[in-house]
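Raw entry.txt, compact mmCIF, C-alpha atoms and all ligand atoms:
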```
# COMPACT_ATOMS: atom_id res chain seq x y z
CA SER A 54 26.31 -55.54 -15.36
CA LEU A 55 25.02 -58.90 -14.20
CA THR A 56 25.83 -60.07 -10.72
CA ALA A 57 25.65 -63.32 -8.76
CA GLY A 58 24.62 -63.22 -5.11
CA ILE A 59 26.28 -65.44 -2.54
CA VAL A 60 23.82 -66.92 -0.08
CA GLY A 61 23.88 -69.63 2.55
CA LEU A 62 23.00 -70.34 6.15
CA PRO A 63 25.20 -68.84 8.85
CA ASN A 64 28.55 -70.54 9.48
CA VAL A 65 28.75 -72.40 6.19
CA GLY A 66 31.79 -70.46 4.95
CA LYS A 67 30.23 -67.57 3.00
CA SER A 68 32.40 -64.85 4.48
CA THR A 69 35.50 -66.96 4.12
CA LEU A 70 34.71 -67.44 0.46
CA PHE A 71 33.71 -63.83 -0.04
CA ASN A 72 36.93 -62.68 1.58
CA ALA A 73 38.78 -64.84 -0.89
CA ILE A 74 36.82 -63.01 -3.57
CA THR A 75 37.66 -59.55 -2.38
CA GLN A 76 41.05 -60.66 -1.05
CA ALA A 77 40.24 -58.38 1.79
CA GLY A 78 41.05 -61.06 4.30
CA ALA A 79 38.69 -59.66 6.89
CA GLU A 80 38.27 -62.06 9.75
CA ALA A 81 35.67 -64.79 9.47
CA ALA A 82 33.66 -64.92 12.66
CA ASN A 83 32.49 -68.11 14.30
CA TYR A 84 28.98 -67.07 15.21
CA PRO A 85 25.69 -66.79 13.34
CA PHE A 86 24.60 -63.55 11.69
CA ALA A 87 28.09 -62.11 11.74
CA THR A 88 27.53 -60.29 8.51
CA ILE A 89 24.43 -58.30 7.57
CA ASP A 90 25.31 -55.70 4.99
CA PRO A 91 25.54 -56.86 1.42
CA ASN A 92 28.89 -56.33 -0.20
CA VAL A 93 30.08 -56.34 -3.71
CA GLY A 94 33.30 -58.07 -4.69
CA ILE A 95 34.80 -57.66 -8.11
CA VAL A 96 36.99 -60.40 -9.56
CA GLU A 97 38.95 -60.81 -12.75
CA VAL A 98 37.59 -63.51 -14.98
CA PRO A 99 40.38 -66.06 -15.45
CA ASP A 100 41.03 -66.70 -19.14
CA ASN A 101 44.17 -68.34 -20.52
CA ARG A 102 43.43 -66.93 -23.96
CA LEU A 103 44.24 -63.44 -22.78
CA GLN A 104 47.77 -64.52 -21.91
CA LYS A 105 48.23 -66.10 -25.34
CA LEU A 106 47.01 -62.98 -27.13
CA THR A 107 49.33 -60.84 -25.02
CA GLU A 108 52.32 -62.97 -26.00
CA MET A 109 51.35 -62.62 -29.62
CA VAL A 110 50.56 -58.91 -29.79
CA ASN A 111 52.95 -57.66 -27.13
CA PRO A 112 50.77 -54.70 -26.11
CA LYS A 113 51.53 -51.96 -23.58
CA LYS A 114 48.92 -53.38 -21.24
CA THR A 115 46.55 -56.28 -20.81
CA ILE A 116 43.17 -55.91 -19.16
CA PRO A 117 41.05 -58.88 -18.13
CA THR A 118 37.30 -58.62 -17.89
CA ALA A 119 35.60 -58.51 -14.51
CA PHE A 120 32.72 -60.18 -12.75
CA GLU A 121 30.73 -59.04 -9.75
CA PHE A 122 29.68 -61.06 -6.73
CA THR A 123 27.31 -59.72 -4.11
CA ASP A 124 27.54 -61.05 -0.59
CA ILE A 125 24.00 -61.57 0.64
CA ALA A 126 24.16 -62.21 4.34
CA GLY A 127 21.35 -61.91 6.80
CA ILE A 128 18.64 -63.86 8.47
CA VAL A 129 17.20 -66.64 6.39
CA LYS A 130 14.70 -68.54 8.51
CA GLY A 131 11.33 -66.80 8.54
CA ALA A 132 12.44 -64.36 5.85
CA SER A 133 9.28 -64.94 3.82
CA LYS A 134 7.22 -63.72 6.79
CA GLY A 135 8.61 -60.37 5.89
CA GLU A 136 10.17 -59.29 9.13
CA GLY A 137 13.09 -56.87 9.28
CA LEU A 138 16.36 -58.46 8.31
CA GLY A 139 14.65 -61.41 6.67
CA ASN A 140 12.81 -59.07 4.38
CA GLN A 141 16.07 -57.38 3.51
CA PHE A 142 17.54 -60.77 2.67
CA LEU A 143 14.80 -61.43 0.12
CA SER A 144 15.01 -57.99 -1.44
CA HIS A 145 18.76 -58.41 -1.91
CA ILE A 146 18.17 -61.72 -3.66
CA ARG A 147 15.61 -60.03 -5.88
CA GLN A 148 18.32 -57.67 -7.11
CA VAL A 149 20.82 -60.30 -8.25
CA ASP A 150 20.69 -62.20 -11.52
CA ALA A 151 21.83 -65.57 -10.25
CA ILE A 152 22.48 -67.28 -6.94
CA CYS A 153 25.58 -69.01 -5.60
CA HIS A 154 24.30 -71.07 -2.72
CA VAL A 155 27.09 -72.05 -0.34
CA VAL A 156 26.47 -75.31 1.48
CA ARG A 157 28.47 -76.64 4.39
CA CYS A 158 29.84 -80.09 3.63
CA PHE A 159 32.87 -79.92 5.92
CA SER A 160 32.91 -81.39 9.41
CA ASP A 161 34.56 -79.40 12.16
CA ASP A 162 33.44 -79.84 15.75
CA ASN A 163 34.77 -76.42 16.63
CA ILE A 164 32.40 -74.66 14.29
CA THR A 165 28.84 -74.37 15.44
CA HIS A 166 26.22 -75.46 12.99
CA VAL A 167 22.97 -73.51 13.32
CA SER A 168 20.85 -76.65 13.46
CA GLY A 169 23.32 -78.67 15.49
CA GLN A 170 24.68 -80.98 12.79
CA VAL A 171 25.96 -80.91 9.23
CA ASN A 172 23.08 -81.73 6.95
CA PRO A 173 23.44 -80.03 3.57
CA ILE A 174 20.08 -81.05 2.14
CA GLU A 175 18.22 -79.71 5.14
CA ASP A 176 20.27 -76.52 4.84
CA ILE A 177 19.48 -76.13 1.17
CA GLU A 178 15.81 -76.75 1.80
CA THR A 179 15.70 -74.19 4.59
CA ILE A 180 16.75 -71.43 2.24
CA ASN A 181 14.87 -72.68 -0.78
CA LEU A 182 11.69 -72.96 1.25
CA GLU A 183 11.83 -69.27 2.22
CA LEU A 184 12.26 -68.32 -1.41
CA ILE A 185 9.45 -70.64 -2.49
CA LEU A 186 7.10 -69.19 0.15
CA ALA A 187 7.86 -65.66 -1.00
CA ASP A 188 7.16 -66.67 -4.62
CA LEU A 189 3.97 -68.46 -3.59
CA GLU A 190 2.77 -65.18 -2.14
CA THR A 191 3.56 -63.35 -5.37
CA VAL A 192 1.71 -65.96 -7.40
CA THR A 193 -1.29 -66.08 -5.07
CA LYS A 194 -1.75 -62.32 -5.28
CA ARG A 195 -1.62 -62.44 -9.06
CA PHE A 196 -4.08 -65.33 -9.15
CA GLY A 197 -6.73 -63.16 -7.55
CA ARG A 198 -6.51 -60.68 -10.43
CA VAL A 199 -6.27 -63.14 -13.28
CA GLU A 200 -8.99 -65.56 -12.22
CA LYS A 201 -11.85 -63.23 -13.13
CA MET A 202 -10.46 -62.37 -16.54
CA ALA A 203 -9.81 -66.02 -17.30
CA LYS A 204 -13.45 -66.82 -16.55
CA GLN A 205 -14.42 -64.32 -19.23
CA LYS A 206 -12.26 -66.38 -21.64
CA ASP A 207 -9.75 -63.56 -22.13
CA LYS A 208 -7.04 -65.32 -24.17
CA GLU A 209 -4.02 -63.81 -22.48
CA ALA A 210 -5.57 -64.32 -19.09
CA LEU A 211 -6.09 -68.00 -19.88
CA VAL A 212 -2.40 -68.46 -20.67
CA GLU A 213 -1.47 -66.65 -17.51
CA TYR A 214 -3.94 -68.71 -15.50
CA ASP A 215 -2.22 -71.88 -16.71
CA VAL A 216 1.20 -70.54 -15.86
CA LEU A 217 0.10 -69.51 -12.39
CA SER A 218 -1.45 -72.92 -11.81
CA LYS A 219 1.78 -74.66 -12.78
CA LEU A 220 3.79 -72.42 -10.50
CA LYS A 221 1.43 -72.85 -7.58
CA ALA A 222 1.42 -76.64 -7.93
CA ALA A 223 5.21 -76.69 -7.99
CA PHE A 224 5.55 -74.41 -4.97
CA GLU A 225 3.11 -76.54 -3.02
CA GLU A 226 5.42 -79.49 -3.64
CA ASP A 227 8.39 -77.37 -2.48
CA LYS A 228 9.76 -77.20 -6.00
CA PRO A 229 11.39 -74.01 -7.32
CA ALA A 230 10.13 -72.31 -10.49
CA ARG A 231 13.42 -73.08 -12.27
CA ALA A 232 12.58 -76.80 -12.11
CA ILE A 233 9.49 -76.33 -14.30
CA ASP A 234 9.60 -76.72 -18.08
CA PHE A 235 7.93 -73.68 -19.60
CA SER A 236 7.28 -72.98 -23.26
CA GLU A 237 8.74 -69.80 -24.68
CA GLU A 238 5.34 -68.12 -24.54
CA GLU A 239 4.84 -69.15 -20.93
CA MET A 240 8.33 -68.05 -20.00
CA LYS A 241 7.54 -64.52 -21.14
CA VAL A 242 4.67 -64.45 -18.67
CA VAL A 243 6.78 -65.95 -15.87
CA GLN A 244 9.46 -63.32 -16.33
CA GLN A 245 7.01 -60.56 -15.47
CA TYR A 246 6.71 -61.85 -11.90
CA HIS A 247 10.41 -61.45 -11.02
CA LEU A 248 10.32 -64.67 -9.04
CA LEU A 249 13.16 -65.57 -6.72
CA THR A 250 13.14 -69.27 -7.54
CA ILE A 251 13.37 -68.74 -11.30
CA LYS A 252 16.91 -67.40 -10.92
CA PRO A 253 19.60 -69.91 -11.83
CA VAL A 254 21.42 -71.45 -8.87
CA LEU A 255 24.91 -72.82 -8.50
CA TYR A 256 25.47 -74.91 -5.38
CA VAL A 257 28.89 -74.34 -3.89
CA ALA A 258 29.80 -77.33 -1.73
CA ASN A 259 32.29 -76.25 0.90
CA VAL A 260 34.34 -79.34 1.79
CA GLY A 261 37.11 -79.81 4.35
CA GLU A 262 40.78 -79.02 3.81
CA GLU A 263 41.72 -82.71 3.89
CA GLU A 264 39.11 -83.57 1.28
CA ILE A 265 39.93 -81.12 -1.45
CA GLN A 266 42.07 -83.59 -3.40
CA ASN A 267 39.45 -86.24 -3.40
CA PRO A 268 36.10 -84.65 -2.55
CA GLU A 269 34.10 -87.45 -4.14
CA GLY A 270 34.41 -89.43 -0.91
CA ASN A 271 32.35 -86.81 0.92
CA GLU A 272 28.82 -88.17 1.36
CA ASN A 273 27.41 -84.70 1.91
CA LEU A 274 28.77 -83.60 -1.44
CA GLN A 275 27.15 -86.57 -3.14
CA ALA A 276 23.82 -85.68 -1.56
CA VAL A 277 24.11 -82.09 -2.81
CA LYS A 278 24.93 -83.30 -6.31
CA GLU A 279 21.88 -85.51 -6.39
CA TYR A 280 19.66 -82.71 -5.12
CA ALA A 281 21.03 -80.26 -7.68
CA GLU A 282 20.59 -82.67 -10.54
CA ASN A 283 16.92 -83.07 -9.69
CA GLU A 284 16.28 -79.38 -10.24
CA GLY A 285 18.72 -78.99 -13.11
CA SER A 286 21.33 -76.97 -11.22
CA ASN A 287 25.10 -77.30 -11.13
CA VAL A 288 27.50 -77.95 -8.25
CA ILE A 289 31.10 -76.97 -7.72
CA THR A 290 33.35 -78.05 -4.89
CA VAL A 291 35.55 -75.66 -2.97
CA CYS A 292 37.32 -75.51 0.35
CA ALA A 293 36.68 -71.95 1.43
CA LYS A 294 39.49 -72.02 3.96
CA ILE A 295 42.05 -73.02 1.36
CA GLU A 296 40.60 -70.52 -1.12
CA SER A 297 41.29 -67.71 1.28
CA GLU A 298 44.93 -68.83 1.34
CA ILE A 299 45.15 -69.21 -2.43
CA ALA A 300 43.63 -65.77 -2.92
CA GLU A 301 46.66 -64.19 -1.28
CA LEU A 302 48.97 -65.72 -3.88
CA GLU A 303 49.61 -64.79 -7.48
CA GLY A 304 51.31 -66.18 -10.57
CA GLU A 305 53.97 -68.78 -9.99
CA GLU A 306 53.39 -68.94 -6.25
CA LYS A 307 49.77 -69.72 -6.86
CA GLU A 308 50.63 -72.39 -9.44
CA MET A 309 53.02 -74.04 -7.00
CA PHE A 310 50.53 -74.05 -4.18
CA LEU A 311 47.86 -75.57 -6.39
CA GLU A 312 50.31 -78.24 -7.50
CA GLU A 313 51.15 -78.99 -3.89
CA LEU A 314 47.46 -79.36 -3.15
CA GLY A 315 47.06 -81.59 -6.18
CA ILE A 316 44.35 -79.48 -7.82
CA GLU A 317 44.36 -77.99 -11.29
CA GLU A 318 42.23 -74.94 -10.81
CA SER A 319 41.37 -73.00 -7.69
CA GLY A 320 37.80 -73.28 -6.43
CA LEU A 321 37.45 -69.55 -6.83
CA ASP A 322 38.38 -69.70 -10.52
CA GLN A 323 35.83 -72.48 -10.94
CA LEU A 324 33.26 -70.40 -9.12
CA ILE A 325 33.87 -67.41 -11.37
CA LYS A 326 33.68 -69.47 -14.55
CA ALA A 327 30.59 -71.38 -13.47
CA SER A 328 28.82 -68.16 -12.46
CA TYR A 329 29.74 -66.50 -15.74
CA ASP A 330 28.34 -69.51 -17.54
CA MET A 331 25.18 -69.66 -15.48
CA LEU A 332 24.40 -66.08 -16.50
CA GLY A 333 24.93 -66.82 -20.19
CA LEU A 334 27.99 -64.59 -20.39
CA ALA A 335 30.89 -64.96 -22.78
CA THR A 336 34.06 -63.07 -23.71
CA PHE A 337 35.27 -61.29 -26.80
CA PHE A 338 38.65 -59.63 -27.19
CA THR A 339 40.15 -56.49 -28.63
CA ALA A 340 43.82 -56.83 -29.46
CA GLY A 341 45.69 -53.68 -30.41
CA GLU A 342 49.29 -52.67 -29.79
CA LYS A 343 48.23 -50.32 -27.03
CA GLU A 344 46.03 -52.79 -25.24
CA VAL A 345 44.84 -56.36 -25.31
CA ARG A 346 41.57 -56.62 -23.51
CA ALA A 347 38.79 -59.06 -22.65
CA TRP A 348 35.17 -57.88 -22.63
CA THR A 349 32.07 -59.52 -21.25
CA PHE A 350 28.97 -59.83 -23.39
CA LYS A 351 25.72 -61.72 -23.14
CA LYS A 352 25.47 -64.68 -25.50
CA GLY A 353 23.19 -63.85 -28.41
CA MET A 354 24.28 -60.20 -28.60
CA LYS A 355 24.78 -58.79 -32.08
CA ALA A 356 27.87 -56.89 -33.14
CA PRO A 357 26.58 -53.34 -32.47
CA GLN A 358 25.43 -54.29 -28.96
CA ALA A 359 28.78 -55.90 -28.24
CA ALA A 360 30.45 -52.72 -29.48
CA GLY A 361 28.27 -50.89 -26.99
CA VAL A 362 29.91 -52.85 -24.17
CA ILE A 363 33.07 -50.90 -24.97
CA HIS A 364 31.45 -47.53 -25.51
CA SER A 365 27.99 -46.29 -26.43
CA ASP A 366 29.54 -44.28 -29.32
CA PHE A 367 30.75 -47.55 -30.81
CA GLU A 368 27.21 -48.85 -30.84
CA ARG A 369 25.63 -45.67 -32.20
CA GLY A 370 28.16 -45.22 -34.99
CA PHE A 371 28.65 -48.93 -35.73
CA ILE A 372 29.75 -49.69 -39.29
CA ARG A 373 31.39 -53.10 -39.30
CA ALA A 374 33.18 -55.57 -37.04
CA GLU A 375 36.41 -57.03 -38.36
CA THR A 376 36.34 -60.38 -36.68
CA VAL A 377 38.59 -63.41 -36.33
CA SER A 378 38.07 -66.31 -33.98
CA TYR A 379 40.65 -66.77 -31.25
CA GLU A 380 41.58 -70.22 -32.58
CA ASP A 381 42.13 -68.98 -36.13
CA LEU A 382 44.22 -66.08 -34.92
CA VAL A 383 46.42 -68.20 -32.68
CA ASP A 384 46.74 -70.76 -35.46
CA ALA A 385 47.90 -68.03 -37.83
CA GLY A 386 50.29 -66.57 -35.28
CA SER A 387 49.59 -62.97 -36.25
CA MET A 388 46.78 -60.76 -37.50
CA THR A 389 48.63 -60.29 -40.81
CA VAL A 390 48.79 -64.02 -41.50
CA ALA A 391 45.19 -64.48 -40.37
CA LYS A 392 44.19 -61.86 -42.93
CA GLU A 393 46.24 -63.53 -45.67
CA ARG A 394 44.46 -66.77 -44.90
CA GLY A 395 41.11 -65.06 -45.23
CA LYS A 396 40.23 -65.75 -41.60
CA VAL A 397 39.38 -62.16 -40.76
CA ARG A 398 35.74 -61.56 -41.64
CA SER A 399 34.03 -58.24 -42.09
CA GLU A 400 30.76 -58.63 -40.17
CA GLY A 401 27.73 -56.37 -40.26
CA LYS A 402 25.05 -55.36 -37.79
CA ASP A 403 23.29 -58.71 -37.74
CA TYR A 404 26.35 -60.72 -36.80
CA VAL A 405 25.89 -62.68 -33.56
CA VAL A 406 29.14 -62.36 -31.62
CA GLN A 407 30.76 -65.63 -30.54
CA ASP A 408 32.80 -66.43 -27.46
CA GLY A 409 36.49 -65.92 -28.29
CA ASP A 410 35.97 -63.52 -31.18
CA VAL A 411 38.81 -61.03 -31.58
CA ILE A 412 37.20 -57.88 -32.94
CA LEU A 413 38.17 -54.53 -34.38
CA PHE A 414 35.11 -52.29 -34.53
CA ARG A 415 34.76 -49.75 -37.34
CA PHE A 416 32.47 -46.88 -36.45
CA ASN A 417 31.50 -43.30 -37.34
CA VAL A 418 32.07 -40.64 -34.74
P1 LIG B 1 29.40 -67.59 7.18
O1 LIG B 1 28.66 -67.32 8.46
O2 LIG B 1 28.65 -68.50 6.28
O3 LIG B 1 29.88 -66.37 6.50
O4 LIG B 1 30.66 -68.47 7.59
P2 LIG B 1 32.19 -68.06 7.80
O5 LIG B 1 32.86 -67.87 6.51
O6 LIG B 1 32.26 -66.98 8.81
O7 LIG B 1 32.75 -69.43 8.41
C1 LIG B 1 32.31 -69.89 9.66
C2 LIG B 1 33.43 -70.66 10.32
O8 LIG B 1 33.71 -71.82 9.53
C3 LIG B 1 34.74 -69.87 10.38
O9 LIG B 1 35.36 -70.16 11.62
C4 LIG B 1 35.55 -70.44 9.23
O10 LIG B 1 36.94 -70.39 9.49
C5 LIG B 1 35.07 -71.88 9.17
N1 LIG B 1 35.21 -72.42 7.83
C6 LIG B 1 34.81 -71.89 6.66
N2 LIG B 1 35.15 -72.68 5.63
C7 LIG B 1 35.77 -73.74 6.17
C8 LIG B 1 36.36 -74.92 5.62
O11 LIG B 1 36.40 -75.12 4.40
N3 LIG B 1 36.90 -75.80 6.52
C9 LIG B 1 36.88 -75.58 7.87
N4 LIG B 1 37.43 -76.48 8.69
N5 LIG B 1 36.37 -74.48 8.41
C10 LIG B 1 35.81 -73.57 7.58
```
Would you put the structure from the file into structure tokens?
Amino acid sequence: SLTAGIVGLPNVGKSTLFNAITQAGAEAANYPFATIDPNVGIVEVPDNRLQKLTEMVNPKKTIPTAFEFTDIAGIVKGASKGEGLGNQFLSHIRQVDAICHVVRCFSDDNITHVSGQVNPIEDIETINLELILADLETVTKRFGRVEKMAKQKDKEALVEYDVLSKLKAAFEEDKPARAIDFSEEEMKVVQQYHLLTIKPVLYVANVGEEEIQNPEGNENLQAVKEYAENEGSNVITVCAKIESEIAELEGEEKEMFLEELGIEESGLDQLIKASYDMLGLATFFTAGEKEVRAWTFKKGMKAPQAAGVIHSDFERGFIRAETVSYEDLVDAGSMTVAKERGKVRSEGKDYVVQDGDVILFRFNV
């Protein structure tokens, strides 16, 4: 399954946020490099539709779909020089599919900042620079091999030569690979390099407790937004400290606390949804009397592949997918009425599954 890695400089609130994710509540430590080992935290993907379907079908149980975060701690500065813990940091990033970059936007004199003052853009650039330098090395090595072939007018080598030149030029201007517009053909070449800066990034601005109702007043946040926009990335705002409190609550208690705080959705829920989105993930449902369940699939998947998310036998023996959209089903009020209205389609192996589809797979065993 796809995972998003949480990165950030020391003391920006990563552990606090990650603890909210795992609800482990382990103590956040006020000194740099407190956490070194990567950790995986599994969260339920919040989805109001699951509740609605449950009310309608009244199943024995309801199972949400899950999403995985990896906590990537470790030494950042100098990582691209390939020494010890820094090297580990880069190799952990290489293994994740997307990056959640936590940036300190809160002021708190009691909390040491590694460079002495809160400066989110400098912080972002510190990490991004290490990733860019590592990618520059990858590209430079490849250049050596391709240059000769390109001189001999090898067609593929010429395309690759162009791609490498674009990448190198961008890196030399401190720009990440994700900020470059590549054609589809070029993108295929780029993907072979497994670059760090091609991975999508979500900036997670960690603002102060007193700012969570009206974070727009935070100048640091505005700076992060501007920076992100320039490279085509998204930003969400959280207060990690409050998130760790919210994470301990459930149901009505959680609703009440959020209301008290004057926010509609917890930062963690926003983080989960935005990460899910960034990875091109979506949800389909199965809704039987035994179980109503949400499943994660990658947008663009066809029906047999989506069936394979449930079980490989479903994919192998796929016959058809009886499908109704969530909206049509809820509109109808029951599967029977949806069928009467002709809203339940029988889809074959070329059907591209859509977010919100409620599906009954027919398969041979
Ligand atoms: P990490 O090194 O990035 O994992 O940072 P931590 O999560 O350990 O946080 C460092 C310190 O900042 C801890 O003392 C946290 O309690 C504090 N901290 C984290 N988030 C917030 C926040 O939103 N507001 C305030 N005031 N302090 C925070």
Within 6 Å of ligand LIG 1 (chain B), which residues show up when you count all atoms listed in the file? List them as a PyMOL selection string, please. chain A and resi 62-69+81-83+85+159+161+164+259-262+292-294
So which residues touch range 272-275 of chain A within 6 Å, counting only C-alpha atoms, skipping near sequence neighbours fewer than 2 positions away, as a list in words?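 Counting only the stated atoms, we get Cys158, Val277 and Lys278 of chain A.
In this structure, CA of Asp188 in chain A sits 18.8 Å away from CA of Val212 in chain A.
Of the residues listed (A:Ser297, A:Ser399, A:Ser328, A:Gln205), A:Ser328 shows the shortest atom-to-atom separation from His154 in chain A; distances use only C-alpha atoms.
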Mind pulling up the distance from CA of Pro99 in chain A to CA of Pro117 in chain A?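 Here the two named atoms are 7.7 Å from each other.
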Tell me which of A:Gly333, A:Gly353, A:Gly395, A:Pro253 sits closest to Gly58 in chain A, counting all atoms listed in the file.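 Residue with the minimum atom-to-atom distance to Gly58 in chain A: A:Pro253.
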Ranking A:Glu301, A:Tyr379, A:Phe371, A:Ala385 by minimum distance to Glu400 in chain A and counting all atoms listed in the file, which one comes first? A:Phe371
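Within 8 Å of Phe224 in chain A, once all atoms listed in the file are used and residues closer than 3 positions along the same chain are dropped, the contacting residues are A:Ile185, A:Leu186, A:Asp188, A:Leu189, A:Leu220, A:Lys221, A:Asp227, A:Lys228, A:Pro229, A:Ala230.
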Distance in Å - CA of Val155 in chain A versus CA of Glu190 in chain A: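 Between CA of Val155 in chain A and CA of Glu190 in chain A the gap is 25.3 Å.
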Given the choices A:Ala360, A:Val291, A:Ile174, A:Leu302, which gets closest to Ala276 in chain A if the distance is worked out from all atoms listed in the file? A:Ile174
Leu413 in chain A proximity check over A:Lys352, A:Arg394, A:Arg346, A:Arg231, using only C-alpha atoms: winner is A:Arg346
Name all residues at most 12 Å from Lys241 in chain A (count all atoms listed in the file; drop same-chain ones fewer than 4 positions away) and give them as number ranges by chain. A: 209, 212-213, 216, 235-237, 245-247
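You can rank A:Glu200, A:Asp215, A:Glu225, A:Asp150 by their closest distance to Met240 in chain A using only C-alpha atoms, and at the top of that list sits A:Asp215.
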What does range 182-225 of chain A look like written to a file with C-alpha atoms, as a JSON list (two decimals), in the first residue's frame?
```json
[["chain", "number", "residue", "atom", "x", "y", "z"],
["A", 182, "LEU", "CA", 18.18, 21.49, -0.60],
["A", 183, "GLU", "CA", 19.41, 18.16, 0.78],
["A", 184, "LEU", "CA", 16.93, 16.32, -1.41],
["A", 185, "ILE", "CA", 17.86, 18.40, -4.45],
["A", 186, "LEU", "CA", 21.58, 17.74, -3.90],
["A", 187, "ALA", "CA", 20.95, 14.01, -3.65],
["A", 188, "ASP", "CA", 18.94, 14.12, -6.89],
["A", 189, "LEU", "CA", 21.61, 16.22, -8.58],
["A", 190, "GLU", "CA", 24.07, 13.45, -7.83],
["A", 191, "THR", "CA", 21.75, 10.85, -9.33],
["A", 192, "VAL", "CA", 21.31, 12.95, -12.46],
["A", 193, "THR", "CA", 25.01, 13.75, -12.82],
["A", 194, "LYS", "CA", 25.93, 10.07, -12.68],
["A", 195, "ARG", "CA", 23.38, 9.25, -15.34],
["A", 196, "PHE", "CA", 24.57, 12.12, -17.52],
["A", 197, "GLY", "CA", 27.98, 10.51, -17.80],
["A", 198, "ARG", "CA", 26.44, 7.39, -19.35],
["A", 199, "VAL", "CA", 23.95, 9.06, -21.64],
["A", 200, "GLU", "CA", 26.18, 11.77, -23.08],
["A", 201, "LYS", "CA", 28.15, 9.39, -25.30],
["A", 202, "MET", "CA", 25.08, 7.66, -26.68],
["A", 203, "ALA", "CA", 23.41, 10.99, -27.37],
["A", 204, "LYS", "CA", 26.42, 12.08, -29.41],
["A", 205, "GLN", "CA", 25.89, 9.04, -31.60],
["A", 206, "LYS", "CA", 22.35, 10.35, -32.22],
["A", 207, "ASP", "CA", 20.72, 7.41, -30.44],
["A", 208, "LYS", "CA", 17.06, 8.52, -30.36],
["A", 209, "GLU", "CA", 16.21, 7.36, -26.87],
["A", 210, "ALA", "CA", 19.45, 8.74, -25.54],
["A", 211, "LEU", "CA", 18.61, 12.13, -27.05],
["A", 212, "VAL", "CA", 15.29, 12.25, -25.20],
["A", 213, "GLU", "CA", 17.00, 11.24, -22.01],
["A", 214, "TYR", "CA", 19.72, 13.82, -22.55],
["A", 215, "ASP", "CA", 17.05, 16.53, -22.77],
["A", 216, "VAL", "CA", 15.34, 15.31, -19.64],
["A", 217, "LEU", "CA", 18.59, 15.22, -17.71],
["A", 218, "SER", "CA", 19.46, 18.72, -18.87],
["A", 219, "LYS", "CA", 16.11, 20.05, -17.68],
["A", 220, "LEU", "CA", 16.53, 18.36, -14.32],
["A", 221, "LYS", "CA", 20.07, 19.58, -13.86],
["A", 222, "ALA", "CA", 19.13, 23.17, -14.73],
["A", 223, "ALA", "CA", 16.27, 23.06, -12.23],
["A", 224, "PHE", "CA", 18.41, 21.59, -9.46],
["A", 225, "GLU", "CA", 21.07, 24.23, -10.03]]
```
